[in-house]
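Below you'll find the structure, written out as structure tokens, and then a few comments.
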Amino acid sequence: MNNVVLITTNGYEGTWPAIEYGAWVAQAINADIQLLGVAEGIPEGTEPKSSALDDLLGRGAALFDDRRLRYSIERRMGRCEQVVSHAAGDIKGLTVLGPLGRPFLRRMLMGRSIRGLLETISTPVLYVPHACLPLKKMLICVGGLGFEMTAEHLAVKLGVAAGAAATLLHVAPPSDLEYPTARIERERWRDLENTDSLLGRNLRAALETARAAGMTASITARQGNVVEEIVGEMKSGQYDLICMGSPHGVGGLRHLYEANVTDEVAEQAHCPVLTARYAPESGRDSPGGL
């Protein structure tokens with residue numbers, strides 16, 4: 001993965017927290033910034049004389065200069081969801097997104113833009129509805145089957161840079177299945193990490209990964225609807241960052257992540273949400289990108 005942070009804006013003021021947070025991430029991991037401004041609703045071949053987009057790009061440049069960050073700025077025209085998806089595929093780094101300010105009726109009819117973006121962007125995504133800095137406390141959602149390890153590595157890298165503590169959350173979904181893994185998860189969900197099941201071993205490995213990197217880390221468990229329990233922990237724990245694996249592109253996640261769980265959590269989050277698809281070539285000892 002390239003050491004590039006792609007920060008995107010369509011001129012909506014609600015994307016400014018993503019620019020601020022993206023600048024912090026780039027500084028924390030010593031990455032280059034590509035600030036992408038998408039001019040929407042402008043006839044092809046014309047340039048706006050002045051706009052909110054110009055203002056945000058200028059403020060972003062001033063912020064990067066003040067922090068002495070390496071950056072470039074690009075402006076493209078088109079529908080933001082499509083332009084950002086293509087740009088993310090080109091840079092193959094971390095894409096930082098914010099709310100696009102779509103009208104309520106459009107969101108009702110077509111759904112929130114973050115859903116489509118999470119589905120079409122195959123590289124890691126950091127969704128920033130609010131820039132919760134400094135980063136002191138993060139929640140890493142651990143499914144237990146290892147599919148979250150790519151996202152976990154990214155979160156640990158940011159957590160180490162910030163000196164943050166990590167809580168590893170495992171949610172045992174309701175199940176009446178009787179095969180061994182489901183039965184162990186149902187009966188031992190409170191201390192699953194102490195079992196010799198695949199789920200238990202992966203939970204222990206996730207904890208060891210965080211602690212080996214120098215983080216203060218602990219495991220907490222919940223049982224119930226996956227979305228409701230993650231959101232419940234997110235709200236009660238007052239976390240500064242949520243990290244979870246993406247369900248898109250990995251059929252095995254259906255066992256623990258019902259369709260659109262990541263999307264549902266991102267929509268309800270009041271802090272940044274970091275998500276990454278599972279990369280099977282990356283083991284737990286892999287640096288995990290960035």
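Letters A, B, ... mark the chains of the structure tokens in the order given; residue numbers begin at 1 per chain; ligand numbers begin at 1, in order shown.
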
| task | Might you pull out every residue within 7 Å of segment 5-10 of chain A, with only C-alpha atoms counted and same-chain residues fewer than 4 positions away left off, and present them as a PyMOL selection string? | result | chain A and resi 15+19+22+26+31-40+53+80+93-97+100

I need the chosen residues saved as a PDB file, in the first residue's frame, with N, CA and C atoms.
ATOM      1  N   THR A  15     -17.159  18.593   5.488  1.00  0.00           N
ATOM      2  CA  THR A  15     -15.965  17.803   5.159  1.00  0.00           C
ATOM      3  C   THR A  15     -14.695  18.387   5.791  1.00  0.00           C
ATOM      4  N   ILE A  19     -10.650  16.947   6.608  1.00  0.00           N
ATOM      5  CA  ILE A  19      -9.377  17.563   6.213  1.00  0.00           C
ATOM      6  C   ILE A  19      -8.466  17.714   7.424  1.00  0.00           C
ATOM      7  N   GLY A  22      -7.410  14.168   8.530  1.00  0.00           N
ATOM      8  CA  GLY A  22      -6.488  13.603   7.563  1.00  0.00           C
ATOM      9  C   GLY A  22      -5.098  14.194   7.694  1.00  0.00           C
ATOM     10  N   ALA A  26      -1.740  11.998   8.470  1.00  0.00           N
ATOM     11  CA  ALA A  26      -0.550  12.074   7.626  1.00  0.00           C
ATOM     12  C   ALA A  26       0.679  12.452   8.437  1.00  0.00           C
ATOM     13  N   ALA A  31       3.124  10.498   6.117  1.00  0.00           N
ATOM     14  CA  ALA A  31       2.617  10.187   4.784  1.00  0.00           C
ATOM     15  C   ALA A  31       2.440  11.459   3.958  1.00  0.00           C
ATOM     16  N   ASP A  32       2.417  11.304   2.639  1.00  0.00           N
ATOM     17  CA  ASP A  32       2.090  12.400   1.738  1.00  0.00           C
ATOM     18  C   ASP A  32       0.579  12.576   1.685  1.00  0.00           C
ATOM     19  N   ILE A  33       0.129  13.799   1.435  1.00  0.00           N
ATOM     20  CA  ILE A  33      -1.295  14.097   1.330  1.00  0.00           C
ATOM     21  C   ILE A  33      -1.642  14.433  -0.106  1.00  0.00           C
ATOM     22  N   GLN A  34      -2.729  13.887  -0.581  1.00  0.00           N
ATOM     23  CA  GLN A  34      -3.336  14.321  -1.833  1.00  0.00           C
ATOM     24  C   GLN A  34      -4.722  14.852  -1.492  1.00  0.00           C
ATOM     25  N   LEU A  35      -4.901  16.152  -1.574  1.00  0.00           N
ATOM     26  CA  LEU A  35      -6.193  16.773  -1.291  1.00  0.00           C
ATOM     27  C   LEU A  35      -6.966  16.880  -2.594  1.00  0.00           C
ATOM     28  N   LEU A  36      -8.098  16.201  -2.639  1.00  0.00           N
ATOM     29  CA  LEU A  36      -8.910  16.150  -3.852  1.00  0.00           C
ATOM     30  C   LEU A  36     -10.179  16.968  -3.654  1.00  0.00           C
ATOM     31  N   GLY A  37     -10.353  17.990  -4.469  1.00  0.00           N
ATOM     32  CA  GLY A  37     -11.571  18.774  -4.451  1.00  0.00           C
ATOM     33  C   GLY A  37     -12.446  18.412  -5.639  1.00  0.00           C
ATOM     34  N   VAL A  38     -13.687  18.038  -5.368  1.00  0.00           N
ATOM     35  CA  VAL A  38     -14.607  17.624  -6.428  1.00  0.00           C
ATOM     36  C   VAL A  38     -15.642  18.718  -6.638  1.00  0.00           C
ATOM     37  N   ALA A  39     -15.629  19.315  -7.826  1.00  0.00           N
ATOM     38  CA  ALA A  39     -16.592  20.357  -8.172  1.00  0.00           C
ATOM     39  C   ALA A  39     -17.815  19.692  -8.785  1.00  0.00           C
ATOM     40  N   GLU A  40     -18.906  19.715  -8.077  1.00  0.00           N
ATOM     41  CA  GLU A  40     -20.126  19.055  -8.529  1.00  0.00           C
ATOM     42  C   GLU A  40     -21.105  20.065  -9.138  1.00  0.00           C
ATOM     43  N   LEU A  53     -15.856  25.363  -2.343  1.00  0.00           N
ATOM     44  CA  LEU A  53     -14.780  24.405  -2.594  1.00  0.00           C
ATOM     45  C   LEU A  53     -13.428  25.108  -2.590  1.00  0.00           C
ATOM     46  N   CYS A  80     -19.305  13.343  -6.806  1.00  0.00           N
ATOM     47  CA  CYS A  80     -18.245  13.071  -5.832  1.00  0.00           C
ATOM     48  C   CYS A  80     -18.054  11.582  -5.588  1.00  0.00           C
ATOM     49  N   GLY A  93      -3.940   4.096  -1.235  1.00  0.00           N
ATOM     50  CA  GLY A  93      -3.525   4.423   0.120  1.00  0.00           C
ATOM     51  C   GLY A  93      -4.742   4.460   1.028  1.00  0.00           C
ATOM     52  N   LEU A  94      -4.746   5.390   1.973  1.00  0.00           N
ATOM     53  CA  LEU A  94      -5.861   5.573   2.885  1.00  0.00           C
ATOM     54  C   LEU A  94      -6.718   6.726   2.388  1.00  0.00           C
ATOM     55  N   THR A  95      -8.024   6.491   2.241  1.00  0.00           N
ATOM     56  CA  THR A  95      -8.937   7.534   1.794  1.00  0.00           C
ATOM     57  C   THR A  95      -9.709   8.085   2.982  1.00  0.00           C
ATOM     58  N   VAL A  96      -9.666   9.410   3.141  1.00  0.00           N
ATOM     59  CA  VAL A  96     -10.351  10.078   4.247  1.00  0.00           C
ATOM     60  C   VAL A  96     -11.571  10.802   3.697  1.00  0.00           C
ATOM     61  N   LEU A  97     -12.738  10.467   4.241  1.00  0.00           N
ATOM     62  CA  LEU A  97     -14.013  11.000   3.754  1.00  0.00           C
ATOM     63  C   LEU A  97     -14.752  11.709   4.873  1.00  0.00           C
ATOM     64  N   LEU A 100     -21.118  14.388   2.865  1.00  0.00           N
ATOM     65  CA  LEU A 100     -21.146  15.193   1.647  1.00  0.00           C
ATOM     66  C   LEU A 100     -22.282  16.207   1.619  1.00  0.00           C
TER      67      LEU A 100
END

| request: Have a look at A:Leu69, A:Val125, A:Trp16, A:Ala172 and name the one nearest to Ala52 of chain A; count only C-alpha atoms. | output: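 Once distances to Ala52 of chain A are computed over only C-alpha atoms, the minimum belongs to A:Trp16.
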
Shell around Ala206 of chain A at 8 Å using only C-alpha atoms, local window under 4 positions removed, as a tab-separated table (two decimals) with N, CA and C atoms, in the first residue's frame:
chain	number	residue	atom	x	y	z
A	142	VAL	N	-13.52	-6.76	16.92
A	142	VAL	CA	-12.82	-7.99	16.56
A	142	VAL	C	-13.84	-9.10	16.36
A	149	MET	N	-8.09	-8.26	10.78
A	149	MET	CA	-6.71	-7.97	11.13
A	149	MET	C	-6.11	-6.84	10.30
A	152	GLU	N	-7.21	-3.79	11.98
A	152	GLU	CA	-6.58	-3.74	13.30
A	152	GLU	C	-5.16	-3.20	13.20
A	168	LEU	N	-10.69	-3.94	22.68
A	168	LEU	CA	-11.06	-4.88	21.62
A	168	LEU	C	-12.44	-5.44	21.94
A	202	ASN	N	-7.89	-16.23	17.92
A	202	ASN	CA	-7.76	-14.97	17.19
A	202	ASN	C	-7.96	-13.76	18.08
A	210	ALA	N	-1.76	-5.74	19.72
A	210	ALA	CA	-1.84	-4.38	20.26
A	210	ALA	C	-0.82	-4.17	21.37
A	284	ARG	N	-0.75	-11.59	11.11
A	284	ARG	CA	-0.81	-10.67	12.25
A	284	ARG	C	0.53	-9.99	12.49

| note | What separates atom CA of Asp263 of chain A and atom CA of Glu13 of chain A is a distance of 22.0 Å

| query | Hey, what does DSSP flag as alpha helix (DSSP H) within segment 40-272 of chain A? Can you give it to me as number ranges by chain? | reply | A: 52-66, 80-91, 104-110, 113-120, 149-162, 180-187, 198-212, 226-237, 261-268

| Using only C-alpha atoms, which residue out of A:Tyr12, A:Tyr127, A:Trp24, A:Tyr71 lies closest to Met244 of chain A? |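 Among the listed residues, the smallest separation from Met244 of chain A belongs to A:Tyr127.
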
| Residue among A:Leu207, A:Asp240, A:His170, A:Val25 lying closest to Pro134 of chain A, counting only C-alpha atoms |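 Smallest distance to Pro134 of chain A is found for A:Asp240.
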
| request: Write out as number ranges by chain which residues come within 7 Å of Lys137 of chain A when counting only C-alpha atoms, dropping same-chain ones fewer than 4 positions away. | output: A: 164-166, 239-241

Could those residues be written to a file, using N, CA and C atoms, as a compact mmCIF listing (two decimals), in the first residue's frame?
# COMPACT_ATOMS: atom_id res chain seq x y z
N ALA A 164 -2.55 6.14 22.39
CA ALA A 164 -3.93 5.82 22.77
C ALA A 164 -4.05 4.43 23.35
N ALA A 165 -5.11 4.21 24.12
CA ALA A 165 -5.44 2.89 24.65
C ALA A 165 -6.49 2.26 23.74
N ALA A 166 -6.52 0.92 23.70
CA ALA A 166 -7.44 0.22 22.81
C ALA A 166 -8.33 -0.74 23.59
N TYR A 239 -15.54 6.73 22.82
CA TYR A 239 -14.31 6.48 22.09
C TYR A 239 -14.02 7.61 21.09
N ASP A 240 -12.74 7.74 20.77
CA ASP A 240 -12.30 8.76 19.81
C ASP A 240 -12.15 8.20 18.40
N LEU A 241 -12.11 6.87 18.27
CA LEU A 241 -11.95 6.22 16.98
C LEU A 241 -12.54 4.82 17.05

| If you run DSSP on this backbone, which residues of segment 43-176 of chain A come out as strand (DSSP E), and could you give them as a PyMOL selection string? | chain A and resi 71-77+94-97+125-127+137-141+165-172

| remark: Here atom CA of Pro272 of chain A and atom CA of Arg190 of chain A stand apart by 27.2 Å

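Taking atom CA of Glu233 of chain A and atom CA of Val171 of chain A as the two end points, the separation is 10.1 Å.
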
| field | Who sits within 12 Å of Asp196 of chain A, only C-alpha atoms, same chain under 5 positions skipped, as an NGL selection string | value | :A and (180-181 or 184-185 or 188 or 191 or 201-205)

Selected residues written out, N, CA and C atoms, as an mmCIF file, in the first residue's frame:
data_model
loop_
_atom_site.group_PDB
_atom_site.id
_atom_site.type_symbol
_atom_site.label_atom_id
_atom_site.label_comp_id
_atom_site.auth_asym_id
_atom_site.auth_seq_id
_atom_site.Cartn_x
_atom_site.Cartn_y
_atom_site.Cartn_z
ATOM 1 N N PRO A 180 -19.852 -26.802 16.639
ATOM 2 C CA PRO A 180 -18.979 -26.488 17.774
ATOM 3 C C PRO A 180 -18.633 -25.013 17.949
ATOM 4 N N THR A 181 -18.253 -24.328 16.865
ATOM 5 C CA THR A 181 -17.850 -22.926 16.989
ATOM 6 C C THR A 181 -18.992 -22.066 17.505
ATOM 7 N N ILE A 184 -19.677 -22.838 21.287
ATOM 8 C CA ILE A 184 -18.678 -22.241 22.177
ATOM 9 C C ILE A 184 -18.891 -20.733 22.284
ATOM 10 N N GLU A 185 -19.161 -20.087 21.147
ATOM 11 C CA GLU A 185 -19.365 -18.638 21.163
ATOM 12 C C GLU A 185 -20.599 -18.267 21.983
ATOM 13 N N ARG A 188 -19.653 -19.329 25.864
ATOM 14 C CA ARG A 188 -18.455 -18.748 26.488
ATOM 15 C C ARG A 188 -18.179 -17.325 25.999
ATOM 16 N N ASP A 191 -15.917 -14.866 28.081
ATOM 17 C CA ASP A 191 -14.471 -15.084 28.185
ATOM 18 C C ASP A 191 -13.980 -15.921 27.013
ATOM 19 N N ARG A 201 -8.558 -18.096 19.894
ATOM 20 C CA ARG A 201 -7.153 -17.904 19.515
ATOM 21 C C ARG A 201 -6.955 -16.575 18.790
ATOM 22 N N ASN A 202 -7.888 -16.228 17.924
ATOM 23 C CA ASN A 202 -7.756 -14.974 17.186
ATOM 24 C C ASN A 202 -7.962 -13.756 18.077
ATOM 25 N N LEU A 203 -8.816 -13.878 19.083
ATOM 26 C CA LEU A 203 -8.975 -12.787 20.041
ATOM 27 C C LEU A 203 -7.692 -12.571 20.834
ATOM 28 N N ARG A 204 -7.080 -13.657 21.263
ATOM 29 C CA ARG A 204 -5.815 -13.544 21.999
ATOM 30 C C ARG A 204 -4.727 -12.944 21.107
ATOM 31 N N ALA A 205 -4.705 -13.363 19.851
ATOM 32 C CA ALA A 205 -3.698 -12.831 18.925
ATOM 33 C C ALA A 205 -3.898 -11.342 18.696
#

| said: For Val265 of chain A, find every residue with an atom within 8 Å (counting only C-alpha atoms), except residues of its own chain fewer than 4 positions away, and show them as a count of residues only. | reply: 5
